[in-house]
Amino acid sequence: MSQADLISPFRFLAHLPQHLPRVPRMLRGLYYAGIRNREKNLSLAWALQRAAERHPERPALMDEHRQLSYRAFNVWANRLAWAFKAEGVGHGDVVAVMLENRLELLAILAALCKLGAVGALINTTQRGKVLAHSFNLVKPGFLVIGDELIGAFDEIADQLHDLQARRYWIADQDCLGDPGHAPQSWLNLMQIASGQAEDNPPDSQGVRMKDACFLIYTSGTTGLPKASIMSHGKWIKAYGGFGHSGLTLNEHDVLYLTLPCYHNNAVTVCWSAALAGGAAIALRRRFSASAFWSDVARYQATCFGYIGELCRYLLNQPETDTEKNNSLRCMIGNGLRPSIWAEFKQRFGIEQITEFYASSEGNIGFTNVFNFDNTVGYTPATYAIVRYDMENDQPLRCKKGFLQKADKGEAGLLISEISAKWPFDGYTDQAKSEAAILRDVFKKGDAWFNTGDLMRDIGCKHAQFVDRLGDTFRWKGENVSTTEVENVLGAFPGVEDAVVYGVEIPGTNGRCGMAALRLAQGLELDGAALAAHLDAELPAYAAPLFVRLLGEVETTGTFKYKKTDLKQAGYDPCQVDGPLYVRLPGSNSFQWLDGELHAAIEQRHYRF
């Protein structure tokens, strides 16, 4: 960490005058972020209706072919809400939603919020048993599937526990008003909604902050995806923290959104930031580095939602005329590395980087409200950064059994106190929620949320992200559960033991997967067959890119795999004894990794 990253009280106060015009919005944001009464009638539906009343003719949503005003979007959501209600969807009902990034997806989610129903946002990259697990985990009584994903759904349809769940189909086309023709045995949701009322359903008056808004899938250290509960209260905190205190967008702004809408970065962070000021969202199906700047120019976007990987892709692109004098002035997201922060800001002329830290399941969020460099910002929540024993993978406790706070600038485990003001909604699985809680932390009977992340205090309640802990690593903007990948590898013929961990590749964000395998005696690795197996069983981001073979696998006294030495050796042939393989970008097989190929990877000749 650079000394320049530390924020002294003097430096903090010197930075404040430039933010004085934003103070009223920032204070409003602190109000929303600090509401304790979870019975209060504040929700995403309320925020949308408020924006529609204040900015009825301003654009709310747009894509390459369509544009909707706030009035029109709210009317569309109302029709869908009345349609869902007529179909039997009510307060608290879970509706699984699986569509790619398009205007219909946000309209459907808004409609469900107006009824107090819960949208389970299925990850559109999942396939096979992982996809079936995601549906079955939340026990939805209703399924909404886009035509573009019917094939993926059909592959697992017979694995669903509730075969009686009502199934709704959404056409995949570029015009509004034409509902298309649903396949046999599917209900056409847009057709059902076409004749419904346009007024706000009264049900939205009964949606409270304590109610669930979305179910967001997150991979942890215990295997298959978990469904975390995003309450309306947490969404409203984001509305305050990101929308009013952080970005302060207004009705003349356009937020360009390419992040997948099954992530909280999109549906909570970016959407709440837009609704708070009546800004428009320009939606794209998926990120394209080559089309980014032409899209920014088309929409005259002033802001965009990012993850660190996306920023790296943009920096790796050759300079173009379209990126110069662009309309962007701010950005919001997470994972922008300090090593590229200044370069990105300077090359693209970005004035404000609203980096944040949060998790779908957690009760704490940081926001870079004051636009300092290289920080996730400030939080009003009660938190602590405590010393962590990396060797034994647990927080350090003193002789009295309590945790020890880390010094300023020292990396430690971030924990957040669980209280009435900062409740922990957790997961749909109560046992998994309890596993994320630390008890008797600083006194008997207290409870704190374990984020599983290393942070450092850089002063004035600002923090800097350091790394993830434990068996979960992050690649391509996704959390990867090593246990899940180990289970998949264990099912490959001939694999006796599988140890999975994350390794860093120069010039990339996060860590990609690497597997240490012990094969049955006498067997050799079939690189093409292994790649095909991983492709069939895992999303692309979760499949390991490096493999090493071991004669034996070391375990701890509690039979956990010893990963420290494996992580340190990485994929360096000089530190690895035995066969070593890599799957290069675009390849359908693993190949031998020697010193020459390792040097080429280190010199960034391949774009992972």
# chains A, B, ... in the order shown; residues from 1 in each chain; ligands from 1
>>> select_by_dssp(residues="segment 351-392 of chain A", states="strand (DSSP E or B)", output="PyMOL selection string")
chain A and resi 352-357+366-367+377-378+383-386+388-389
>>> write_last_selection(atoms="all heavy atoms", output="short mmCIF file (atom, residue, chain, number, x, y, z; two decimals), in the first residue's frame")
data_model
loop_
_atom_site.label_atom_id
_atom_site.label_comp_id
_atom_site.auth_asym_id
_atom_site.auth_seq_id
_atom_site.Cartn_x
_atom_site.Cartn_y
_atom_site.Cartn_z
N GLN A 352 -15.13 11.16 -11.82
CA GLN A 352 -15.58 10.58 -10.54
C GLN A 352 -15.66 9.06 -10.64
O GLN A 352 -16.35 8.53 -11.51
CB GLN A 352 -16.95 11.15 -10.15
CG GLN A 352 -17.51 10.58 -8.85
CD GLN A 352 -18.91 11.10 -8.56
OE1 GLN A 352 -19.41 11.98 -9.26
NE2 GLN A 352 -19.54 10.56 -7.54
N ILE A 353 -14.97 8.36 -9.76
CA ILE A 353 -15.04 6.90 -9.69
C ILE A 353 -15.71 6.53 -8.37
O ILE A 353 -15.13 6.68 -7.30
CB ILE A 353 -13.66 6.24 -9.80
CG1 ILE A 353 -13.03 6.57 -11.16
CG2 ILE A 353 -13.76 4.74 -9.60
CD1 ILE A 353 -11.65 5.96 -11.37
N THR A 354 -16.95 6.06 -8.46
CA THR A 354 -17.69 5.66 -7.26
C THR A 354 -17.50 4.16 -7.06
O THR A 354 -18.37 3.35 -7.36
CB THR A 354 -19.18 6.03 -7.38
OG1 THR A 354 -19.29 7.42 -7.71
CG2 THR A 354 -19.92 5.77 -6.08
N GLU A 355 -16.31 3.83 -6.60
CA GLU A 355 -16.01 2.43 -6.24
C GLU A 355 -16.78 2.10 -4.97
O GLU A 355 -16.95 2.93 -4.09
CB GLU A 355 -14.50 2.29 -6.00
CG GLU A 355 -14.05 0.93 -5.47
CD GLU A 355 -13.77 -0.09 -6.56
OE1 GLU A 355 -13.89 0.25 -7.74
OE2 GLU A 355 -13.42 -1.23 -6.21
N PHE A 356 -17.27 0.87 -4.88
CA PHE A 356 -17.99 0.46 -3.68
C PHE A 356 -17.57 -0.94 -3.27
O PHE A 356 -16.93 -1.67 -4.03
CB PHE A 356 -19.51 0.53 -3.88
CG PHE A 356 -20.06 -0.55 -4.77
CD1 PHE A 356 -20.42 -1.78 -4.26
CD2 PHE A 356 -20.21 -0.33 -6.13
CE1 PHE A 356 -20.92 -2.78 -5.09
CE2 PHE A 356 -20.72 -1.31 -6.96
CZ PHE A 356 -21.07 -2.55 -6.44
N TYR A 357 -17.95 -1.29 -2.07
CA TYR A 357 -17.78 -2.66 -1.59
C TYR A 357 -19.10 -3.09 -0.97
O TYR A 357 -19.69 -2.36 -0.16
CB TYR A 357 -16.67 -2.76 -0.54
CG TYR A 357 -16.68 -4.09 0.18
CD1 TYR A 357 -15.99 -5.18 -0.33
CD2 TYR A 357 -17.42 -4.26 1.36
CE1 TYR A 357 -16.03 -6.41 0.31
CE2 TYR A 357 -17.46 -5.49 2.00
CZ TYR A 357 -16.77 -6.56 1.47
OH TYR A 357 -16.82 -7.79 2.09
N PHE A 366 -19.61 -0.15 1.53
CA PHE A 366 -18.77 1.05 1.49
C PHE A 366 -19.01 1.74 0.14
O PHE A 366 -19.20 1.07 -0.87
CB PHE A 366 -17.28 0.70 1.58
CG PHE A 366 -16.81 0.22 2.92
CD1 PHE A 366 -17.08 -1.07 3.35
CD2 PHE A 366 -16.09 1.06 3.76
CE1 PHE A 366 -16.63 -1.52 4.59
CE2 PHE A 366 -15.63 0.62 4.99
CZ PHE A 366 -15.91 -0.67 5.41
N THR A 367 -18.98 3.06 0.12
CA THR A 367 -19.12 3.81 -1.12
C THR A 367 -18.11 4.94 -1.14
O THR A 367 -17.95 5.67 -0.16
CB THR A 367 -20.54 4.42 -1.24
OG1 THR A 367 -21.52 3.42 -0.99
CG2 THR A 367 -20.76 4.98 -2.65
N GLY A 377 -14.11 3.45 -0.22
CA GLY A 377 -14.84 4.56 0.34
C GLY A 377 -15.20 4.43 1.80
O GLY A 377 -14.50 3.79 2.60
N TYR A 378 -16.35 5.00 2.11
CA TYR A 378 -16.81 5.22 3.49
C TYR A 378 -18.05 4.40 3.74
O TYR A 378 -18.83 4.10 2.84
CB TYR A 378 -17.11 6.71 3.65
CG TYR A 378 -18.02 7.06 4.81
CD1 TYR A 378 -17.51 7.29 6.08
CD2 TYR A 378 -19.40 7.17 4.61
CE1 TYR A 378 -18.34 7.63 7.14
CE2 TYR A 378 -20.25 7.51 5.66
CZ TYR A 378 -19.71 7.73 6.92
OH TYR A 378 -20.54 8.05 7.96
N TYR A 383 -18.37 -1.34 11.86
CA TYR A 383 -17.53 -2.44 11.37
C TYR A 383 -16.20 -2.46 12.12
O TYR A 383 -15.86 -1.53 12.86
CB TYR A 383 -17.27 -2.29 9.86
CG TYR A 383 -16.29 -1.20 9.50
CD1 TYR A 383 -14.93 -1.48 9.30
CD2 TYR A 383 -16.71 0.12 9.34
CE1 TYR A 383 -14.03 -0.48 8.97
CE2 TYR A 383 -15.82 1.12 9.01
CZ TYR A 383 -14.47 0.82 8.82
OH TYR A 383 -13.58 1.81 8.49
N ALA A 384 -15.46 -3.53 11.90
CA ALA A 384 -14.11 -3.64 12.45
C ALA A 384 -13.27 -4.45 11.48
O ALA A 384 -13.78 -5.28 10.73
CB ALA A 384 -14.13 -4.31 13.83
N ILE A 385 -11.99 -4.17 11.48
CA ILE A 385 -11.02 -4.97 10.72
C ILE A 385 -10.13 -5.66 11.75
O ILE A 385 -9.46 -4.99 12.55
CB ILE A 385 -10.20 -4.09 9.76
CG1 ILE A 385 -11.13 -3.48 8.71
CG2 ILE A 385 -9.11 -4.91 9.08
CD1 ILE A 385 -10.46 -2.47 7.79
N VAL A 386 -10.19 -6.99 11.78
CA VAL A 386 -9.54 -7.75 12.85
C VAL A 386 -8.41 -8.61 12.29
O VAL A 386 -8.40 -8.98 11.12
CB VAL A 386 -10.56 -8.63 13.60
CG1 VAL A 386 -11.61 -7.77 14.29
CG2 VAL A 386 -11.24 -9.63 12.66
N TYR A 388 -6.06 -11.68 11.40
CA TYR A 388 -6.45 -12.99 10.87
C TYR A 388 -5.24 -13.90 10.77
O TYR A 388 -4.16 -13.49 10.32
CB TYR A 388 -7.08 -12.81 9.48
CG TYR A 388 -7.87 -14.01 9.03
CD1 TYR A 388 -9.17 -14.23 9.47
CD2 TYR A 388 -7.30 -14.95 8.18
CE1 TYR A 388 -9.89 -15.34 9.07
CE2 TYR A 388 -8.02 -16.07 7.76
CZ TYR A 388 -9.31 -16.25 8.22
OH TYR A 388 -10.02 -17.36 7.82
N ASP A 389 -5.44 -15.14 11.21
CA ASP A 389 -4.39 -16.17 11.15
C ASP A 389 -4.52 -16.90 9.82
O ASP A 389 -5.37 -17.76 9.64
CB ASP A 389 -4.57 -17.15 12.32
CG ASP A 389 -3.48 -18.22 12.36
OD1 ASP A 389 -2.72 -18.34 11.38
OD2 ASP A 389 -3.42 -18.94 13.37
#
>>> closest_atom_pairs(of="segment 461-485 of chain A", to="segment 491-515 of chain A", cutoff="7 Å", atoms="only C-alpha atoms", output="JSON lines")
{"residue": "A:Asp471", "atom": "CA", "partner": "A:Tyr501", "partner_atom": "CA", "distance": 6.9}
{"residue": "A:Phe473", "atom": "CA", "partner": "A:Gly502", "partner_atom": "CA", "distance": 5.9}
{"residue": "A:Arg474", "atom": "CA", "partner": "A:Gly510", "partner_atom": "CA", "distance": 5.3}
{"residue": "A:Trp475", "atom": "CA", "partner": "A:Gly510", "partner_atom": "CA", "distance": 5.2}
{"residue": "A:Thr482", "atom": "CA", "partner": "A:Val500", "partner_atom": "CA", "distance": 5.4}
{"residue": "A:Val485", "atom": "CA", "partner": "A:Val500", "partner_atom": "CA", "distance": 7.0}
>>> atom_distance(atom1="atom CA of Pro380 of chain A", atom2="atom CA of Glu410 of chain A")
20.8 Å
>>> residues_around(residues="Tyr70 of chain A", least_positions_apart="2", cutoff="10 Å", atoms="only C-alpha atoms", output="list in words")
Leu48, Gln49, Arg50, Ala51, Ala52, Glu53, Arg54, His55, Pro56, Glu57, Arg58, Pro59, Ala60, Leu61, Gln67, Leu68, Ala72, Phe73, Asn74, Val75, Trp76, Leu275, Gly278, Ala279 and Ala280 of chain A
>>> write_last_selection(atoms="N, CA and C atoms", output="PDB file, in the first residue's frame")
ATOM      1  N   LEU A  48     -39.677   3.569  -8.039  1.00  0.00           N
ATOM      2  CA  LEU A  48     -40.062   3.695  -9.437  1.00  0.00           C
ATOM      3  C   LEU A  48     -41.256   4.642  -9.591  1.00  0.00           C
ATOM      4  N   GLN A  49     -42.267   4.460  -8.750  1.00  0.00           N
ATOM      5  CA  GLN A  49     -43.445   5.319  -8.842  1.00  0.00           C
ATOM      6  C   GLN A  49     -43.095   6.788  -8.538  1.00  0.00           C
ATOM      7  N   ARG A  50     -42.174   6.998  -7.606  1.00  0.00           N
ATOM      8  CA  ARG A  50     -41.723   8.359  -7.286  1.00  0.00           C
ATOM      9  C   ARG A  50     -41.021   8.977  -8.495  1.00  0.00           C
ATOM     10  N   ALA A  51     -40.162   8.205  -9.152  1.00  0.00           N
ATOM     11  CA  ALA A  51     -39.454   8.718 -10.326  1.00  0.00           C
ATOM     12  C   ALA A  51     -40.425   9.002 -11.469  1.00  0.00           C
ATOM     13  N   ALA A  52     -41.437   8.137 -11.634  1.00  0.00           N
ATOM     14  CA  ALA A  52     -42.428   8.335 -12.697  1.00  0.00           C
ATOM     15  C   ALA A  52     -43.267   9.590 -12.452  1.00  0.00           C
ATOM     16  N   GLU A  53     -43.541   9.897 -11.192  1.00  0.00           N
ATOM     17  CA  GLU A  53     -44.304  11.108 -10.864  1.00  0.00           C
ATOM     18  C   GLU A  53     -43.458  12.367 -11.078  1.00  0.00           C
ATOM     19  N   ARG A  54     -42.163  12.282 -10.782  1.00  0.00           N
ATOM     20  CA  ARG A  54     -41.302  13.459 -10.860  1.00  0.00           C
ATOM     21  C   ARG A  54     -40.767  13.705 -12.274  1.00  0.00           C
ATOM     22  N   HIS A  55     -40.574  12.628 -13.028  1.00  0.00           N
ATOM     23  CA  HIS A  55     -39.939  12.766 -14.347  1.00  0.00           C
ATOM     24  C   HIS A  55     -40.715  11.962 -15.394  1.00  0.00           C
ATOM     25  N   PRO A  56     -42.019  12.207 -15.543  1.00  0.00           N
ATOM     26  CA  PRO A  56     -42.850  11.329 -16.372  1.00  0.00           C
ATOM     27  C   PRO A  56     -42.398  11.210 -17.823  1.00  0.00           C
ATOM     28  N   GLU A  57     -41.896  12.280 -18.415  1.00  0.00           N
ATOM     29  CA  GLU A  57     -41.561  12.246 -19.838  1.00  0.00           C
ATOM     30  C   GLU A  57     -40.066  12.066 -20.099  1.00  0.00           C
ATOM     31  N   ARG A  58     -39.279  11.979 -19.054  1.00  0.00           N
ATOM     32  CA  ARG A  58     -37.846  11.735 -19.236  1.00  0.00           C
ATOM     33  C   ARG A  58     -37.622  10.253 -19.540  1.00  0.00           C
ATOM     34  N   PRO A  59     -36.582   9.931 -20.321  1.00  0.00           N
ATOM     35  CA  PRO A  59     -36.332   8.513 -20.635  1.00  0.00           C
ATOM     36  C   PRO A  59     -35.937   7.721 -19.394  1.00  0.00           C
ATOM     37  N   ALA A  60     -36.504   6.533 -19.263  1.00  0.00           N
ATOM     38  CA  ALA A  60     -36.181   5.636 -18.154  1.00  0.00           C
ATOM     39  C   ALA A  60     -35.303   4.488 -18.618  1.00  0.00           C
ATOM     40  N   LEU A  61     -35.654   3.911 -19.760  1.00  0.00           N
ATOM     41  CA  LEU A  61     -34.921   2.761 -20.306  1.00  0.00           C
ATOM     42  C   LEU A  61     -34.743   2.933 -21.797  1.00  0.00           C
ATOM     43  N   GLN A  67     -36.946   3.022 -26.750  1.00  0.00           N
ATOM     44  CA  GLN A  67     -36.796   3.964 -25.651  1.00  0.00           C
ATOM     45  C   GLN A  67     -38.141   4.137 -24.956  1.00  0.00           C
ATOM     46  N   LEU A  68     -38.118   4.117 -23.616  1.00  0.00           N
ATOM     47  CA  LEU A  68     -39.324   4.245 -22.816  1.00  0.00           C
ATOM     48  C   LEU A  68     -39.176   5.390 -21.831  1.00  0.00           C
ATOM     49  N   ALA A  72     -44.198   5.659 -19.342  1.00  0.00           N
ATOM     50  CA  ALA A  72     -44.484   4.454 -20.122  1.00  0.00           C
ATOM     51  C   ALA A  72     -43.944   3.199 -19.438  1.00  0.00           C
ATOM     52  N   PHE A  73     -42.760   3.313 -18.859  1.00  0.00           N
ATOM     53  CA  PHE A  73     -42.191   2.153 -18.186  1.00  0.00           C
ATOM     54  C   PHE A  73     -43.019   1.762 -16.967  1.00  0.00           C
ATOM     55  N   ASN A  74     -43.453   2.740 -16.193  1.00  0.00           N
ATOM     56  CA  ASN A  74     -44.265   2.454 -15.010  1.00  0.00           C
ATOM     57  C   ASN A  74     -45.605   1.831 -15.406  1.00  0.00           C
ATOM     58  N   VAL A  75     -46.196   2.322 -16.500  1.00  0.00           N
ATOM     59  CA  VAL A  75     -47.454   1.743 -16.993  1.00  0.00           C
ATOM     60  C   VAL A  75     -47.246   0.288 -17.408  1.00  0.00           C
ATOM     61  N   TRP A  76     -46.160   0.022 -18.111  1.00  0.00           N
ATOM     62  CA  TRP A  76     -45.844  -1.355 -18.534  1.00  0.00           C
ATOM     63  C   TRP A  76     -45.695  -2.270 -17.318  1.00  0.00           C
ATOM     64  N   LEU A 275     -32.718   5.483 -10.551  1.00  0.00           N
ATOM     65  CA  LEU A 275     -34.038   5.870 -10.056  1.00  0.00           C
ATOM     66  C   LEU A 275     -33.969   7.031  -9.073  1.00  0.00           C
ATOM     67  N   GLY A 278     -33.809  10.044 -11.381  1.00  0.00           N
ATOM     68  CA  GLY A 278     -34.600  10.085 -12.613  1.00  0.00           C
ATOM     69  C   GLY A 278     -33.746   9.973 -13.855  1.00  0.00           C
ATOM     70  N   ALA A 279     -32.576   9.328 -13.745  1.00  0.00           N
ATOM     71  CA  ALA A 279     -31.689   9.133 -14.895  1.00  0.00           C
ATOM     72  C   ALA A 279     -32.182   7.958 -15.741  1.00  0.00           C
ATOM     73  N   ALA A 280     -31.687   7.883 -16.967  1.00  0.00           N
ATOM     74  CA  ALA A 280     -32.036   6.785 -17.866  1.00  0.00           C
ATOM     75  C   ALA A 280     -30.990   5.676 -17.774  1.00  0.00           C
TER      76      ALA A 280
END
>>> closest_residue(among="A:Glu155, A:Asp174, A:Leu106, A:Lys114", to="His65 of chain A", atoms="only C-alpha atoms")
A:Asp174
>>> closest_residue(among="A:Ile122, A:Leu584, A:Ala435, A:Cys398", to="Val94 of chain A", atoms="only C-alpha atoms")
A:Ile122
>>> closest_residue(among="A:Asp467, A:Glu148, A:Asp154, A:Glu361", to="Arg127 of chain A", atoms="only C-alpha atoms")
A:Asp154
>>> closest_residue(among="A:Leu224, A:Ile364, A:Ala117, A:Leu593", to="Ala45 of chain A", atoms="only C-alpha atoms")
A:Ala117
>>> residues_around(residues="segment 227-231 of chain A", least_positions_apart="5", cutoff="7 Å", atoms="only C-alpha atoms", output="list in words")
Met209, Lys210, Asp211, Ala212, Cys213, Phe214, Leu215, Ile216, Tyr217, Thr218, Ser360, Glu361, Asp425, Gly426, Tyr427 and Thr428 of chain A
>>> residues_around(residues="Gln591 of chain A", least_positions_apart="3", cutoff="12 Å", atoms="only C-alpha atoms", output="list in words")
Leu525, Asp526, Gly527, Ala528, Ala529, Leu530, Ala531, Leu545, Phe546, Val547, Arg548, Pro579, Leu580, Tyr581, Val582, Arg583, Leu584, Pro585, Ser587, Asn588, Asp594, Leu597 and His598 of chain A
>>> write_last_selection(atoms="N, CA and C atoms", output="mmCIF file, in the first residue's frame")
data_model
loop_
_atom_site.group_PDB
_atom_site.id
_atom_site.type_symbol
_atom_site.label_atom_id
_atom_site.label_comp_id
_atom_site.auth_asym_id
_atom_site.auth_seq_id
_atom_site.Cartn_x
_atom_site.Cartn_y
_atom_site.Cartn_z
ATOM 1 N N LEU A 525 -3.453 -38.005 -18.198
ATOM 2 C CA LEU A 525 -4.512 -37.019 -18.351
ATOM 3 C C LEU A 525 -4.901 -36.864 -19.818
ATOM 4 N N ASP A 526 -6.198 -36.964 -20.095
ATOM 5 C CA ASP A 526 -6.740 -36.685 -21.419
ATOM 6 C C ASP A 526 -7.225 -35.241 -21.411
ATOM 7 N N GLY A 527 -6.405 -34.329 -21.927
ATOM 8 C CA GLY A 527 -6.697 -32.900 -21.835
ATOM 9 C C GLY A 527 -7.974 -32.490 -22.533
ATOM 10 N N ALA A 528 -8.260 -33.088 -23.684
ATOM 11 C CA ALA A 528 -9.477 -32.731 -24.429
ATOM 12 C C ALA A 528 -10.721 -33.231 -23.704
ATOM 13 N N ALA A 529 -10.653 -34.442 -23.171
ATOM 14 C CA ALA A 529 -11.807 -35.006 -22.466
ATOM 15 C C ALA A 529 -12.097 -34.220 -21.188
ATOM 16 N N LEU A 530 -11.035 -33.817 -20.480
ATOM 17 C CA LEU A 530 -11.231 -33.039 -19.257
ATOM 18 C C LEU A 530 -11.866 -31.694 -19.582
ATOM 19 N N ALA A 531 -11.385 -31.029 -20.642
ATOM 20 C CA ALA A 531 -11.962 -29.731 -21.030
ATOM 21 C C ALA A 531 -13.438 -29.880 -21.391
ATOM 22 N N LEU A 545 -8.223 -23.222 -15.483
ATOM 23 C CA LEU A 545 -7.411 -23.024 -16.683
ATOM 24 C C LEU A 545 -6.057 -23.718 -16.580
ATOM 25 N N PHE A 546 -5.659 -24.054 -15.344
ATOM 26 C CA PHE A 546 -4.384 -24.736 -15.135
ATOM 27 C C PHE A 546 -4.617 -26.024 -14.354
ATOM 28 N N VAL A 547 -3.813 -27.046 -14.663
ATOM 29 C CA VAL A 547 -3.890 -28.333 -13.969
ATOM 30 C C VAL A 547 -2.474 -28.826 -13.706
ATOM 31 N N ARG A 548 -2.249 -29.315 -12.504
ATOM 32 C CA ARG A 548 -1.002 -30.018 -12.198
ATOM 33 C C ARG A 548 -1.346 -31.380 -11.613
ATOM 34 N N PRO A 579 3.849 -33.201 -13.923
ATOM 35 C CA PRO A 579 3.201 -32.667 -15.122
ATOM 36 C C PRO A 579 2.364 -31.423 -14.816
ATOM 37 N N LEU A 580 2.392 -30.466 -15.757
ATOM 38 C CA LEU A 580 1.697 -29.195 -15.601
ATOM 39 C C LEU A 580 1.034 -28.853 -16.940
ATOM 40 N N TYR A 581 -0.230 -28.436 -16.885
ATOM 41 C CA TYR A 581 -1.001 -28.202 -18.101
ATOM 42 C C TYR A 581 -1.710 -26.849 -18.038
ATOM 43 N N VAL A 582 -2.035 -26.315 -19.225
ATOM 44 C CA VAL A 582 -2.779 -25.071 -19.332
ATOM 45 C C VAL A 582 -3.814 -25.205 -20.451
ATOM 46 N N ARG A 583 -4.935 -24.527 -20.268
ATOM 47 C CA ARG A 583 -5.928 -24.401 -21.337
ATOM 48 C C ARG A 583 -5.890 -22.963 -21.813
ATOM 49 N N LEU A 584 -5.345 -22.744 -22.985
ATOM 50 C CA LEU A 584 -5.179 -21.400 -23.511
ATOM 51 C C LEU A 584 -6.512 -20.857 -24.021
ATOM 52 N N PRO A 585 -6.655 -19.535 -24.106
ATOM 53 C CA PRO A 585 -7.909 -18.941 -24.586
ATOM 54 C C PRO A 585 -8.304 -19.480 -25.954
ATOM 55 N N SER A 587 -9.010 -22.523 -26.706
ATOM 56 C CA SER A 587 -8.656 -23.927 -26.906
ATOM 57 C C SER A 587 -9.722 -24.845 -26.308
ATOM 58 N N ASN A 588 -9.863 -26.034 -26.893
ATOM 59 C CA ASN A 588 -10.795 -27.031 -26.356
ATOM 60 C C ASN A 588 -10.066 -28.184 -25.689
ATOM 61 N N ASP A 594 5.246 -25.649 -20.455
ATOM 62 C CA ASP A 594 6.690 -25.652 -20.197
ATOM 63 C C ASP A 594 7.159 -24.227 -19.909
ATOM 64 N N LEU A 597 6.251 -21.523 -22.677
ATOM 65 C CA LEU A 597 4.854 -21.117 -22.682
ATOM 66 C C LEU A 597 4.524 -20.306 -21.422
ATOM 67 N N HIS A 598 5.118 -20.696 -20.289
ATOM 68 C CA HIS A 598 4.919 -19.941 -19.050
ATOM 69 C C HIS A 598 5.403 -18.503 -19.205
#
>>> atom_distance(atom1="atom CA of Phe449 of chain A", atom2="atom CA of Ile418 of chain A")
6.4 Å
>>> closest_residue(among="A:Ala358, A:Cys460, A:Ile350, A:Leu6", to="Ser416 of chain A", atoms="only C-alpha atoms")
A:Ala358
>>> residues_around(residues="Leu550 of chain A", least_positions_apart="2", cutoff="8 Å", atoms="only C-alpha atoms", output="list in words")
Ala516, Leu517, Arg518, Leu519, Arg548, Glu552, Val553 and Gly578 of chain A
>>> residues_around(residues="Trp235 of chain A", least_positions_apart="6", cutoff="10 Å", atoms="only C-alpha atoms", output="PyMOL selection string")
chain A and resi 32-33+42-44+209+212-214+241+264+267-269+271-272
>>> select_by_dssp(residues="segment 206-383 of chain A", states="helix (DSSP H, G or I)", output="VMD selection string")
chain A and resid 206 232 to 247 264 to 277 292 to 299 308 to 316 321 to 323 338 to 348
>>> atom_distance(atom1="atom CA of Glu104 of chain A", atom2="atom CA of Pro140 of chain A")
19.6 Å
>>> closest_residue(among="A:Gly362, A:Arg347, A:Gly180, A:Phe372", to="Asp453 of chain A", atoms="only C-alpha atoms")
A:Gly362
